[in-house]
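Novice: I am sharing entry.txt, which consists of compact mmCIF, C-alpha atoms:
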# COMPACT_ATOMS: atom_id res chain seq x y z
CA MET A 99 12.13 -16.74 12.87
CA ALA A 100 13.34 -13.79 14.90
CA ARG A 101 12.50 -10.12 14.95
CA TYR A 102 15.13 -7.71 13.69
CA PHE A 103 15.04 -3.93 13.90
CA PHE A 104 16.33 -1.59 11.21
CA ASP A 105 17.42 1.85 12.38
CA SER A 106 18.02 4.19 9.48
CA GLY A 107 19.21 7.66 8.72
CA ASP A 108 22.25 9.82 8.19
CA ARG A 109 24.81 11.21 10.57
CA ASP A 110 22.44 13.89 11.88
CA VAL A 111 19.03 12.26 12.01
CA VAL A 112 18.51 8.64 13.02
CA LEU A 113 15.08 7.04 12.96
CA LYS A 114 14.80 4.17 15.37
CA ASP A 115 12.72 1.23 14.16
CA GLU A 116 10.24 0.38 16.91
CA VAL A 117 8.30 -2.31 15.02
CA GLY A 118 10.87 -4.53 13.33
CA ILE A 119 10.46 -7.34 10.82
CA GLU A 120 10.35 -11.11 11.32
CA CYS A 121 13.22 -12.70 9.39
CA ASP A 122 14.51 -16.26 9.29
CA GLY A 123 18.10 -15.38 10.12
CA ILE A 124 20.67 -12.67 9.68
CA ALA A 125 21.17 -13.33 5.94
CA SER A 126 17.48 -12.63 5.34
CA ALA A 127 17.67 -9.54 7.59
CA ARG A 128 20.63 -8.23 5.58
CA HIS A 129 18.64 -8.71 2.38
CA GLN A 130 15.81 -6.62 3.89
CA ALA A 131 18.36 -4.01 4.96
CA ILE A 132 19.96 -3.59 1.54
CA GLU A 133 16.51 -3.21 -0.06
CA GLY A 134 15.76 -0.57 2.58
CA LEU A 135 19.06 1.22 1.92
CA ILE A 136 18.23 1.39 -1.80
CA ASP A 137 14.89 3.10 -0.96
CA LEU A 138 16.59 5.39 1.56
CA THR A 139 19.16 6.44 -1.04
CA ARG A 140 16.53 7.09 -3.69
CA GLU A 141 14.65 9.33 -1.27
CA PHE A 142 17.32 11.15 0.64
CA LEU A 143 20.60 11.26 -1.31
CA GLU A 144 21.54 14.88 -1.92
CA ASP A 145 24.49 16.58 -3.54
CA ILE A 146 26.33 16.98 -0.25
CA ASP A 147 29.95 15.89 -0.10
CA GLY A 148 30.39 13.34 2.66
CA GLN A 149 26.70 12.60 3.09
CA GLU A 150 26.29 9.17 4.60
CA LEU A 151 23.12 7.08 4.65
CA PHE A 152 22.89 3.90 6.66
CA ILE A 153 20.75 1.08 7.97
CA GLU A 154 21.79 -0.65 11.15
CA ILE A 155 20.33 -4.00 12.16
CA ARG A 156 19.57 -4.70 15.83
CA ASP A 157 18.29 -7.93 17.35
CA GLU A 158 15.50 -8.26 19.90
CA HIS A 159 17.93 -7.71 22.77
CA GLY A 160 19.09 -4.40 21.31
CA GLU A 161 22.44 -5.75 20.19
CA LYS A 162 23.73 -4.09 17.02
CA LEU A 163 24.54 -6.72 14.41
CA VAL A 164 25.36 -5.14 11.05
CA ARG A 165 25.64 -1.62 9.70
CA LEU A 166 25.22 -1.06 5.96
CA SER A 167 26.18 2.43 4.86
CA LEU A 168 26.71 4.43 1.69
CA SER A 169 28.49 7.75 1.40
CA LEU A 170 28.74 10.33 -1.34
CA HIS A 171 32.05 11.87 -2.43
CA ALA A 172 31.43 15.00 -4.48
CA GLN A 173 34.53 16.98 -5.43
CA PRO A 174 35.56 19.10 -8.39
CA SER A 175 37.40 16.95 -10.95
CA GLY A 176 41.19 17.07 -11.11
CA GLN A 177 41.81 17.58 -7.40
CA MET B 215 -8.82 -16.61 -8.86
CA ARG B 216 -5.54 -16.63 -10.74
CA GLU B 217 -4.06 -14.99 -13.79
CA GLY B 218 -4.90 -17.13 -16.82
CA ASP B 219 -8.16 -18.50 -15.38
CA GLY B 220 -11.38 -18.21 -17.38
CA PRO B 221 -13.91 -17.42 -14.67
CA THR B 222 -17.64 -18.11 -15.00
CA HIS B 223 -18.53 -15.98 -11.96
CA SER B 224 -17.83 -12.49 -10.69
CA PHE B 225 -17.57 -11.81 -6.99
CA VAL B 226 -18.51 -9.08 -4.58
CA VAL B 227 -16.45 -8.40 -1.45
CA LEU B 228 -18.68 -8.75 1.62
CA GLU B 229 -16.02 -8.50 4.32
CA GLY B 230 -12.28 -7.93 4.41
CA LEU B 231 -9.82 -6.63 1.87
CA VAL B 232 -8.98 -8.09 -1.56
CA GLY B 233 -6.04 -7.10 -3.75
CA THR B 234 -5.23 -7.57 -7.40
CA THR B 235 -1.69 -8.84 -7.74
CA LYS B 236 0.77 -9.32 -10.57
CA LEU B 237 4.12 -11.11 -10.45
CA THR B 238 7.15 -10.04 -12.47
CA GLY B 239 9.24 -12.63 -14.34
CA GLU B 240 11.67 -12.71 -11.43
CA GLY B 241 8.89 -13.28 -8.92
CA LYS B 242 8.48 -9.80 -7.42
CA ARG B 243 4.90 -9.07 -6.44
CA GLN B 244 3.08 -5.82 -7.14
CA ILE B 245 -0.34 -5.26 -5.63
CA THR B 246 -2.11 -3.07 -8.15
CA SER B 247 -5.22 -2.14 -6.18
CA PHE B 248 -7.29 -2.80 -3.08
CA PHE B 249 -10.98 -3.69 -2.97
CA VAL B 250 -13.19 -3.04 0.04
CA PRO B 251 -16.62 -4.43 1.03
CA GLY B 252 -19.23 -3.59 -1.60
CA ASP B 253 -16.74 -3.65 -4.49
CA ILE B 254 -17.04 -6.10 -7.39
CA PRO B 255 -13.36 -6.43 -8.36
CA ASP B 256 -13.74 -8.62 -11.46
CA LEU B 257 -16.70 -7.24 -13.37
CA HIS B 258 -14.44 -7.19 -16.44
CA GLY B 259 -14.58 -11.00 -16.32
CA MET B 260 -18.10 -10.73 -17.77
CA HIS B 261 -16.64 -9.50 -21.06
CA LEU B 262 -12.95 -10.55 -21.01
CA SER B 263 -12.63 -14.32 -21.03
CA VAL B 264 -9.15 -14.65 -19.46
CA LEU B 265 -8.07 -13.10 -16.15
CA ASP B 266 -4.98 -10.91 -16.57
CA CYS B 267 -4.27 -10.63 -12.85
CA THR B 268 -4.68 -12.65 -9.67
CA PHE B 269 -7.16 -11.74 -6.93
CA SER B 270 -5.84 -12.40 -3.44
CA SER B 271 -7.44 -12.07 -0.03
CA LEU B 272 -5.25 -9.67 1.96
CA THR B 273 -7.18 -10.28 5.19
CA ARG B 274 -9.86 -12.74 6.21
CA THR B 275 -12.53 -12.14 3.62
CA SER B 276 -16.04 -13.16 2.86
CA LEU B 277 -17.11 -13.09 -0.80
CA GLY B 278 -20.35 -13.55 -2.73
CA PHE B 279 -20.23 -15.12 -6.21
CA MET B 280 -22.55 -14.26 -9.10
CA ARG B 281 -22.84 -16.23 -12.33
CA HIS B 282 -21.83 -14.31 -15.45
CA ASP B 283 -24.79 -15.56 -17.50
CA THR B 284 -27.17 -14.36 -14.78
CA LEU B 285 -25.43 -10.98 -14.58
CA ARG B 286 -25.63 -10.63 -18.38
CA ALA B 287 -29.35 -11.44 -18.32
CA ILE B 288 -29.92 -8.79 -15.62
CA CYS B 289 -27.97 -6.20 -17.64
CA ASP B 290 -30.00 -7.05 -20.77
CA ARG B 291 -33.25 -6.45 -18.92
CA HIS B 292 -32.22 -3.43 -16.81
CA ALA B 293 -30.17 -0.76 -18.55
CA SER B 294 -29.71 1.14 -15.30
CA ILE B 295 -27.89 -1.81 -13.71
CA ALA B 296 -25.66 -2.19 -16.80
CA THR B 297 -24.83 1.51 -16.44
CA ILE B 298 -23.93 1.10 -12.77
CA PHE B 299 -21.61 -1.83 -13.60
CA TRP B 300 -19.99 0.19 -16.40
CA ARG B 301 -19.54 3.13 -14.05
CA SER B 302 -17.95 0.85 -11.47
CA THR B 303 -15.30 -0.41 -13.92
CA LEU B 304 -14.61 3.20 -15.02
CA ILE B 305 -13.93 4.15 -11.39
CA ASP B 306 -11.63 1.11 -11.06
CA ALA B 307 -9.69 2.48 -14.05
CA ALA B 308 -9.51 5.94 -12.42
CA ILE B 309 -8.10 4.32 -9.27
CA TYR B 310 -5.47 2.48 -11.35
CA ARG B 311 -4.42 5.82 -12.92
CA GLU B 312 -4.03 7.32 -9.48
CA TRP B 313 -1.98 4.33 -8.30
CA VAL B 314 0.37 4.55 -11.29
CA THR B 315 0.95 8.20 -10.42
CA ASN B 316 1.35 7.37 -6.74
CA VAL B 317 3.82 4.53 -7.16
CA GLY B 318 5.65 6.12 -10.08
CA ARG B 319 6.11 9.70 -8.96
CA ARG B 320 5.33 10.38 -5.30
CA ASP B 321 7.96 9.97 -2.60
CA ALA B 322 7.46 7.16 -0.10
CA TYR B 323 6.06 9.34 2.70
CA THR B 324 3.45 10.93 0.40
CA ARG B 325 2.71 7.57 -1.20
CA MET B 326 1.92 5.93 2.14
CA ALA B 327 -0.20 8.86 3.35
CA HIS B 328 -2.10 8.77 0.04
CA ILE B 329 -2.94 5.07 0.19
CA LEU B 330 -4.10 5.40 3.82
CA CYS B 331 -6.35 8.33 2.86
CA GLU B 332 -7.80 6.32 -0.02
CA LEU B 333 -8.53 3.29 2.15
CA ILE B 334 -10.13 5.39 4.89
CA VAL B 335 -12.36 7.29 2.43
CA ARG B 336 -13.43 4.09 0.63
CA LEU B 337 -14.13 2.17 3.84
CA HIS B 338 -15.97 5.15 5.28
CA SER B 339 -18.14 5.61 2.19
CA MET B 340 -19.16 1.94 2.37
CA GLY B 341 -20.14 2.43 5.99
CA VAL B 342 -17.51 -0.05 7.20
CA ILE B 343 -15.78 2.44 9.49
CA GLU B 344 -16.71 5.52 11.44
CA ASP B 345 -14.51 8.53 11.96
CA HIS B 346 -10.98 8.01 10.78
CA VAL B 347 -10.20 4.72 12.45
CA ALA B 348 -9.70 1.69 10.22
CA ASN B 349 -8.92 -1.82 11.30
CA LEU B 350 -6.48 -2.95 8.61
CA PRO B 351 -5.10 -6.37 9.46
CA ILE B 352 -2.72 -6.27 6.50
CA THR B 353 0.97 -7.01 6.82
CA ARG B 354 3.77 -4.50 6.22
CA ALA B 355 4.81 -6.75 3.32
CA VAL B 356 1.40 -6.18 1.70
CA LEU B 357 1.78 -2.41 2.11
CA ALA B 358 5.31 -2.67 0.67
CA ASP B 359 4.05 -4.58 -2.38
CA ALA B 360 1.21 -2.09 -2.91
CA LEU B 361 3.57 0.88 -2.70
CA GLY B 362 6.56 -0.59 -4.55
CA LEU B 363 8.75 -0.13 -1.46
CA SER B 364 10.88 -2.34 0.76
CA THR B 365 9.36 -3.48 4.05
CA VAL B 366 12.15 -1.67 5.93
CA HIS B 367 11.21 1.60 4.25
CA VAL B 368 7.49 1.02 4.90
CA ASN B 369 8.27 0.73 8.62
CA ARG B 370 10.37 3.90 8.45
CA VAL B 371 7.65 5.89 6.68
CA LEU B 372 4.92 4.72 9.10
CA GLN B 373 7.20 5.75 11.94
CA GLU B 374 7.59 9.22 10.39
CA LEU B 375 3.80 9.57 10.00
CA ARG B 376 3.40 8.60 13.66
CA ARG B 377 6.18 10.93 14.78
CA ASN B 378 4.59 13.82 12.89
CA GLY B 379 1.30 13.21 14.69
CA LEU B 380 -0.68 12.25 11.56
CA ILE B 381 -1.50 8.66 12.45
CA PHE B 382 -1.68 6.51 15.53
CA THR B 383 -1.34 2.76 15.15
CA GLU B 384 -2.22 0.12 17.66
CA GLY B 385 -1.88 -3.45 16.47
CA THR B 386 -3.80 -3.53 13.19
CA ARG B 387 -5.76 -0.33 13.89
CA PHE B 388 -4.86 2.80 11.97
CA HIS B 389 -6.22 6.03 13.37
CA ALA B 390 -5.79 9.16 11.25
CA VAL B 391 -5.58 11.51 14.23
CA ASP B 392 -4.91 14.55 12.02
CA TRP B 393 -7.04 13.91 8.95
CA ALA B 394 -6.40 17.29 7.30
CA GLY B 395 -2.68 16.82 7.86
CA LEU B 396 -2.74 13.31 6.39
CA VAL B 397 -4.63 14.55 3.32
CA ARG B 398 -2.01 17.28 2.83
CA ALA B 399 0.87 14.88 3.41
CA GLY B 400 -0.65 12.41 0.94
CA ASP B 401 -1.26 14.95 -1.85
CA PHE B 402 -4.75 13.40 -1.70
CA ASP B 403 -7.74 14.67 -3.67
CA ALA B 404 -10.68 12.25 -3.59
CA THR B 405 -12.04 13.36 -7.00
CA TYR B 406 -10.73 10.19 -8.70
CA LEU B 407 -12.94 8.05 -6.43
CA HIS B 408 -16.02 9.71 -8.00
CA GLN B 409 -18.13 9.33 -4.92
CA ARG B 410 -21.64 10.66 -5.19
CA THR B 411 -22.20 11.26 -1.52
CA ALA B 412 -20.51 14.36 -0.25
CA ASN B 413 -17.55 13.53 1.89
CA THR B 414 -18.39 14.72 5.35
CA PHE B 415 -14.85 14.36 6.65
Written as structure tokens, how would this file's structure read?

Specialist:
Amino acid sequence: MARYFFDSGDRDVVLKDEVGIECDGIASARHQAIEGLIDLTREFLEDIDGQELFIEIRDEHGEKLVRLSLSLHAQPSGQ
Amino acid sequence: MREGDGPTHSFVVLEGLVGTTKLTGEGKRQITSFFVPGDIPDLHGMHLSVLDCTFSSLTRTSLGFMRHDTLRAICDRHASIATIFWRSTLIDAAIYREWVTNVGRRDAYTRMAHILCELIVRLHSMGVIEDHVANLPITRAVLADALGLSTVHVNRVLQELRRNGLIFTEGTRFHAVDWAGLVRAGDFDATYLHQRTANTF
């Protein structure tokens, strides 16, 4: 088991995870991250073209491991 | 005490925190309510022969067990005690209604603030805590399962509550440093807890 940290946010506001979660490997940490990204999207997705929401996984040494992001493309049809 | 059991006893929580839990077909857990010292979580077992949920200890707990036939005999002899038990199950139902609303319709930040307010008021009214400091040795995964959120999002929301100066956490201790602010953030109105003693918070 190792502790992973999940920073989350959009391009403007990033919330640094100071507590982290114990996971048994990076695959399990990625599973936690995607579940977190689903919640983040449900809460914060707005009708803003180009809005990006992300979760970035860090390890205990502060090394960034994986970044999962989603972005919204909102344009008038036919362009 | 597991779903499907036919219990012969009810129990009272003496110490710690108990939760009712349900599992979905695919194995996801939902905690449907918390019980604090003084609560009798399974009074319905006196009248419903099969348990429709599982009771789990969420922290180290100490419980007292009471035989159903003895409880029934007491209720037959003392109408006032039967009334108190009935009232207790009605309040449990009111808490379930509030939780459905909380999990179904409030955003994660409000949801978390609400559940913390509820726990603090209930623990305070039982005389377990003073002020607005509660020792809650429950895991983030338990909070996630009670709120219908991912653990990652639970951490994020707790961080936001801390950043906004509403709570201070140290290990397993939760301190509501701005109680009025937490109540506002949690859209919390204690009416559904139907407490007789005026809340002096």

Novice: Compile the residues of chain A that lie within 10 Å of chain B, evaluated using all atoms listed in the file, and express the compilation as a list in words.

Specialist: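 For chain A, the answer reads Phe103, Phe104, Asp105, Ser106, Gly107, Leu113, Lys114, Asp115, Glu116, Val117, Gly118, Ile119, Ala127, Gln130, Ala131, Ile132, Glu133, Gly134, Leu135, Ile136, Asp137, Leu138, Arg140, Glu141, Phe142 and Ile153 of chain A.
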
Novice: To one decimal place, how far is atom CA of Phe299 of chain B from atom CA of Gly220 of chain B in Å?

Specialist: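 So the two atoms, atom CA of Phe299 of chain B and atom CA of Gly220 of chain B, lie 19.7 Å apart.
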
Novice: Between A:Arg128, A:Asp108, A:Leu151, A:Asp122, which has the minimum distance to Val164 of chain A (counting all atoms listed in the file)?

Specialist: A:Arg128

Novice: Can you tell me how far atom CA of Glu229 of chain B sits from atom CA of Pro351 of chain B, in Å to one decimal?

Specialist: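 Going from atom CA of Glu229 of chain B over to atom CA of Pro351 of chain B covers 12.3 Å.
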
Novice: From the set A:Met99, A:Leu163, A:Glu150, A:Pro174, which residue has the shortest atom-to-atom contact distance to Gly123 of chain A, counting all atoms listed in the file?

Specialist: A:Met99

Novice: For atom CA of Asn349 of chain B and atom CA of Leu272 of chain B, quote the distance in Å rounded to one decimal.

Specialist: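 It comes out at 12.7 Å.
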
Novice: Neighbouring residues of Arg311 of chain B were defined as those with any atom within 12 Å, considering all atoms listed in the file; residues of the same chain fewer than 6 positions away were excluded. Please report them as a PyMOL selection string.

Specialist: chain B and resi 246-247+304-305+317-319+406-407

Novice: Taking only C-alpha atoms into account, name the residue in A:Ser175, A:Glu161, A:Phe152, A:Ser169 that is nearest to Val112 of chain A.

Specialist: A:Phe152

Novice: Fewer than 3 positions away in the same chain doesn't count, so skip those; otherwise give me all residues within 10 Å of segment 262-268 of chain B, counting all atoms listed in the file, as a compact mmCIF listing (two decimals) with C-alpha atoms, in the coordinates of the input.

Specialist:
# COMPACT_ATOMS: atom_id res chain seq x y z
CA MET B 215 -8.82 -16.61 -8.86
CA ARG B 216 -5.54 -16.63 -10.74
CA GLU B 217 -4.06 -14.99 -13.79
CA GLY B 218 -4.90 -17.13 -16.82
CA ASP B 219 -8.16 -18.50 -15.38
CA GLY B 220 -11.38 -18.21 -17.38
CA PRO B 221 -13.91 -17.42 -14.67
CA THR B 222 -17.64 -18.11 -15.00
CA GLY B 233 -6.04 -7.10 -3.75
CA THR B 234 -5.23 -7.57 -7.40
CA THR B 235 -1.69 -8.84 -7.74
CA LYS B 236 0.77 -9.32 -10.57
CA LEU B 237 4.12 -11.11 -10.45
CA ILE B 245 -0.34 -5.26 -5.63
CA THR B 246 -2.11 -3.07 -8.15
CA ASP B 256 -13.74 -8.62 -11.46
CA LEU B 257 -16.70 -7.24 -13.37
CA HIS B 258 -14.44 -7.19 -16.44
CA GLY B 259 -14.58 -11.00 -16.32
